Amino acid sequence: MIAALLTILFLGGGGSAIGFIADLDSVQKQVAQTVPDDNAMRRGEAVAIVKDMKSRNKDFGKILAKLADEMDKSIADQNQSEGSVATIWDAFSNTVEAQEDVMIEQRFQLKSKLTREEWATIFPAAPGS
Amino acid sequence: MSIVKPRRVSVAAVMLFAAFWLGGCAGKKEAPADIQAQAFAAVVAELQAVVTDPDRAAQAVTLINELEANFEKGAADMSRHKANLSAINADYDATRQDFKDEFASLNAIMSSNRKNVGRIRGRLVELLTAEEWATIEKARSRALESAFKAIAST
């Protein structure tokens with residue numbers, strides 16, 4: 001259970017910081033609706049980037065779930081030293097940080113395919129920000 | 001005579017049931033932070049019941065309280081950085097460095113939180129006997145789950 005929660009936490013789905021573009025299904029739909037028909041090629045390229053983001057996120061989730069499972073067992077086992085728990089945490093952190101870089105690059109790939117106005121429609125600024 | 005008393009009890013029970021039922025129907029779902037507080041309180045109660053040496057019990061309770069405070073801080077940190085990252089993402093002119101700086105700040109805080117959690121766990125492991133550790137396992141696991149849920153809900 002903790003493994004699943006850790007995975008959700010870092011994969012997005014509402015609570016994750018790494019998932020600053022959390023709902024990729026919704027983003028894909030909005031890209032398809034927002035980019036006009038006379039820019040079908042650009043729209044297709046933008047949708048392809050979102051699909052790639054989803055795919056990379058899925059792969060990341062599988063790695064994370066495995067590490068989270070190891071962590072879950074390690075924390076519960078009284079015979080595991082602080083150092084051995086820390087080793088798994090480090091692997092977990094490295095995986096998360098690598099995914100952050102991937103997310104940043106993909107965000108800029110997506111931005112390169114969208115106009116300022118389209119971007120504002122798909123990712124509106126929060127009120128007061 | 002014997003009829004009146006059961007009827008009174010019955011009315012009271014119905015009223016109590018109705019109060020709970022209506023309270024439930026009001027749709028007040030417990031906040032993850034409240035669930036977390038209850039789960040950690042359960043660990044404390046279990047420790048106080050299981051660890052018979054008052055000195056060790058007090059030390060263990062202090063550690064659990066530290067752990068809870070650490071998770072509360074983690075939830076507040078995550079909430080703040082999540083809002084920052086959403087704002088950066090919404091900004092069409094944001095740079096890669098804007099994201100990297102925000103993530104670096106978040107990662108540093110999370111790393112520090114994780115070290116604290118590891119340290120506290122290490123001290124609990126040393127403090128409790130194998131039997132005590134096994135006895136609080138379920139309550140401890142529920143507390144950790146509630147803490148992660150609270151962070152994920154920010």
# chains A, B, ... in the order shown; residues from 1 in each chain; ligands from 1
call {"tool": "interface_residues", "arguments": {"of": "chain B", "to": "chain A", "cutoff": "6 Å", "atoms": "only C-alpha atoms", "output": "PyMOL selection string"}}
result
chain B and resi 82+85-86+90+122+125+145+152-154
call {"tool": "write_last_selection", "arguments": {"atoms": "C-alpha atoms", "output": "compact mmCIF listing (two decimals), in the first residue's frame"}}
result
# COMPACT_ATOMS: atom_id res chain seq x y z
CA LYS B 82 3.41 22.23 -6.41
CA LEU B 85 5.64 24.68 -10.38
CA SER B 86 2.11 25.08 -11.73
CA ALA B 90 1.56 28.40 -16.84
CA GLY B 122 16.79 4.12 13.05
CA VAL B 125 14.56 0.33 15.64
CA GLU B 145 0.08 5.42 4.66
CA ALA B 152 -0.44 13.39 -2.00
CA SER B 153 -3.65 15.30 -1.26
CA THR B 154 -1.96 18.70 -1.09
call {"tool": "select_by_dssp", "arguments": {"residues": "region 9-77 of chain A", "states": "alpha helix (DSSP H)", "output": "number ranges by chain"}}
result
A: 9-11, 24-34, 40-76
call {"tool": "residues_around", "arguments": {"residues": "Lys54 (chain A)", "least_positions_apart": "5", "cutoff": "10 Å", "atoms": "only C-alpha atoms", "output": "list of chain:residue names"}}
result
A:Ala22, A:Asp23, A:Leu24, A:Asp25, A:Gln28, A:Ala48, A:Ile49, A:Asp59, A:Phe60
call {"tool": "atom_distance", "arguments": {"atom1": "CA of Leu124 (chain B)", "atom2": "CA of Ala147 (chain B)"}}
result
17.6 Å
call {"tool": "atom_distance", "arguments": {"atom1": "CA of Lys51 (chain A)", "atom2": "CA of Leu64 (chain A)"}}
result
19.8 Å
call {"tool": "atom_distance", "arguments": {"atom1": "CA of Arg56 (chain A)", "atom2": "CA of Thr95 (chain A)"}}
result
12.5 Å
call {"tool": "residues_around", "arguments": {"residues": "Ile88 (chain A)", "least_positions_apart": "4", "cutoff": "8 Å", "atoms": "only C-alpha atoms", "output": "PDB file with C-alpha atoms, in the first residue's frame"}}
result
ATOM      1  CA  LEU A  67      11.750   0.839  -5.801  1.00  0.00           C
ATOM      2  CA  GLU A  70      11.693  -2.406  -1.859  1.00  0.00           C
ATOM      3  CA  MET A  71      11.473   0.675   0.342  1.00  0.00           C
ATOM      4  CA  SER A  84      20.466   0.271   3.830  1.00  0.00           C
ATOM      5  CA  PHE A  92      14.392   6.510  -5.423  1.00  0.00           C
TER       6      PHE A  92
END
call {"tool": "residues_around", "arguments": {"residues": "region 34-45 of chain B", "least_positions_apart": "4", "cutoff": "9 Å", "atoms": "only C-alpha atoms", "output": "mmCIF file with N, CA and C atoms, in the first residue's frame"}}
result
data_model
loop_
_atom_site.group_PDB
_atom_site.id
_atom_site.type_symbol
_atom_site.label_atom_id
_atom_site.label_comp_id
_atom_site.auth_asym_id
_atom_site.auth_seq_id
_atom_site.Cartn_x
_atom_site.Cartn_y
_atom_site.Cartn_z
ATOM 1 N N GLU B 30 -13.599 13.024 6.068
ATOM 2 C CA GLU B 30 -12.494 13.457 6.918
ATOM 3 C C GLU B 30 -11.299 13.896 6.078
ATOM 4 N N ALA B 49 0.825 1.256 25.376
ATOM 5 C CA ALA B 49 0.272 -0.001 25.904
ATOM 6 C C ALA B 49 1.300 -1.132 25.859
ATOM 7 N N VAL B 50 2.152 -1.102 24.852
ATOM 8 C CA VAL B 50 3.056 -2.242 24.612
ATOM 9 C C VAL B 50 4.390 -2.098 25.344
ATOM 10 N N ALA B 57 9.111 4.115 26.660
ATOM 11 C CA ALA B 57 7.823 4.467 26.040
ATOM 12 C C ALA B 57 7.793 5.963 25.732
ATOM 13 N N ALA B 60 9.989 6.718 22.766
ATOM 14 C CA ALA B 60 9.365 6.255 21.521
ATOM 15 C C ALA B 60 8.246 7.213 21.085
ATOM 16 N N VAL B 61 7.469 7.677 22.055
ATOM 17 C CA VAL B 61 6.377 8.616 21.744
ATOM 18 C C VAL B 61 6.952 9.918 21.179
ATOM 19 N N ILE B 64 7.831 9.341 17.614
ATOM 20 C CA ILE B 64 6.638 9.284 16.750
ATOM 21 C C ILE B 64 6.095 10.701 16.510
ATOM 22 N N ASN B 65 6.112 11.515 17.562
ATOM 23 C CA ASN B 65 5.662 12.909 17.403
ATOM 24 C C ASN B 65 6.561 13.675 16.432
ATOM 25 N N LEU B 67 8.245 12.295 14.023
ATOM 26 C CA LEU B 67 7.952 11.736 12.693
ATOM 27 C C LEU B 67 6.716 12.408 12.091
ATOM 28 N N GLU B 68 5.692 12.556 12.924
ATOM 29 C CA GLU B 68 4.453 13.180 12.455
ATOM 30 C C GLU B 68 4.704 14.638 12.035
ATOM 31 N N ILE B 136 3.554 -3.105 16.983
ATOM 32 C CA ILE B 136 3.065 -1.805 16.468
ATOM 33 C C ILE B 136 3.074 -1.741 14.942
ATOM 34 N N LYS B 138 1.252 -2.832 12.417
ATOM 35 C CA LYS B 138 0.048 -2.425 11.675
ATOM 36 C C LYS B 138 -0.252 -0.943 11.877
ATOM 37 N N ALA B 139 -0.203 -0.509 13.127
ATOM 38 C CA ALA B 139 -0.499 0.906 13.432
ATOM 39 C C ALA B 139 0.530 1.812 12.760
ATOM 40 N N ARG B 140 1.795 1.388 12.796
ATOM 41 C CA ARG B 140 2.872 2.184 12.187
ATOM 42 C C ARG B 140 2.683 2.290 10.680
ATOM 43 N N ARG B 142 -0.133 1.961 9.036
ATOM 44 C CA ARG B 142 -1.304 2.820 8.760
ATOM 45 C C ARG B 142 -0.928 4.299 8.887
ATOM 46 N N ALA B 143 -0.080 4.600 9.872
ATOM 47 C CA ALA B 143 0.328 6.000 10.065
ATOM 48 C C ALA B 143 1.136 6.489 8.864
ATOM 49 N N LEU B 144 2.046 5.630 8.368
ATOM 50 C CA LEU B 144 2.841 6.023 7.202
ATOM 51 C C LEU B 144 1.951 6.218 5.975
ATOM 52 N N GLU B 145 1.016 5.295 5.795
ATOM 53 C CA GLU B 145 0.080 5.419 4.662
ATOM 54 C C GLU B 145 -0.691 6.724 4.740
ATOM 55 N N SER B 146 -1.173 7.031 5.941
ATOM 56 C CA SER B 146 -1.968 8.260 6.104
ATOM 57 C C SER B 146 -1.105 9.487 5.822
ATOM 58 N N ALA B 147 0.169 9.409 6.204
ATOM 59 C CA ALA B 147 1.064 10.554 5.977
ATOM 60 C C ALA B 147 1.299 10.762 4.486
ATOM 61 N N PHE B 148 1.537 9.668 3.757
ATOM 62 C CA PHE B 148 1.743 9.795 2.310
ATOM 63 C C PHE B 148 0.467 10.276 1.615
ATOM 64 N N LYS B 149 -0.678 9.803 2.107
ATOM 65 C CA LYS B 149 -1.953 10.258 1.530
ATOM 66 C C LYS B 149 -2.130 11.755 1.767
ATOM 67 N N ALA B 150 -1.751 12.195 2.959
ATOM 68 C CA ALA B 150 -1.890 13.626 3.275
ATOM 69 C C ALA B 150 -0.996 14.456 2.359
#
call {"tool": "residues_around", "arguments": {"residues": "Asp53 (chain B)", "least_positions_apart": "6", "cutoff": "12 Å", "atoms": "only C-alpha atoms", "output": "short mmCIF file (atom, residue, chain, number, x, y, z; two decimals) with N, CA and C atoms, in the first residue's frame"}}
result
data_model
loop_
_atom_site.label_atom_id
_atom_site.label_comp_id
_atom_site.auth_asym_id
_atom_site.auth_seq_id
_atom_site.Cartn_x
_atom_site.Cartn_y
_atom_site.Cartn_z
N LEU B 47 2.03 2.22 21.49
CA LEU B 47 3.35 2.22 22.14
C LEU B 47 3.21 2.28 23.65
N GLN B 59 10.35 7.95 25.25
CA GLN B 59 11.28 8.24 24.14
C GLN B 59 10.65 7.87 22.79
N ALA B 60 9.99 6.72 22.77
CA ALA B 60 9.36 6.25 21.52
C ALA B 60 8.25 7.21 21.09
N LEU B 127 15.47 1.37 19.78
CA LEU B 127 14.77 1.54 21.06
C LEU B 127 13.82 0.39 21.38
N LEU B 128 13.17 -0.15 20.35
CA LEU B 128 12.12 -1.15 20.59
C LEU B 128 12.65 -2.57 20.45
N THR B 129 12.08 -3.46 21.22
CA THR B 129 12.42 -4.87 21.06
C THR B 129 11.74 -5.40 19.80
N GLU B 132 8.04 -5.71 20.40
CA GLU B 132 7.34 -4.42 20.40
C GLU B 132 7.20 -3.89 18.97
#
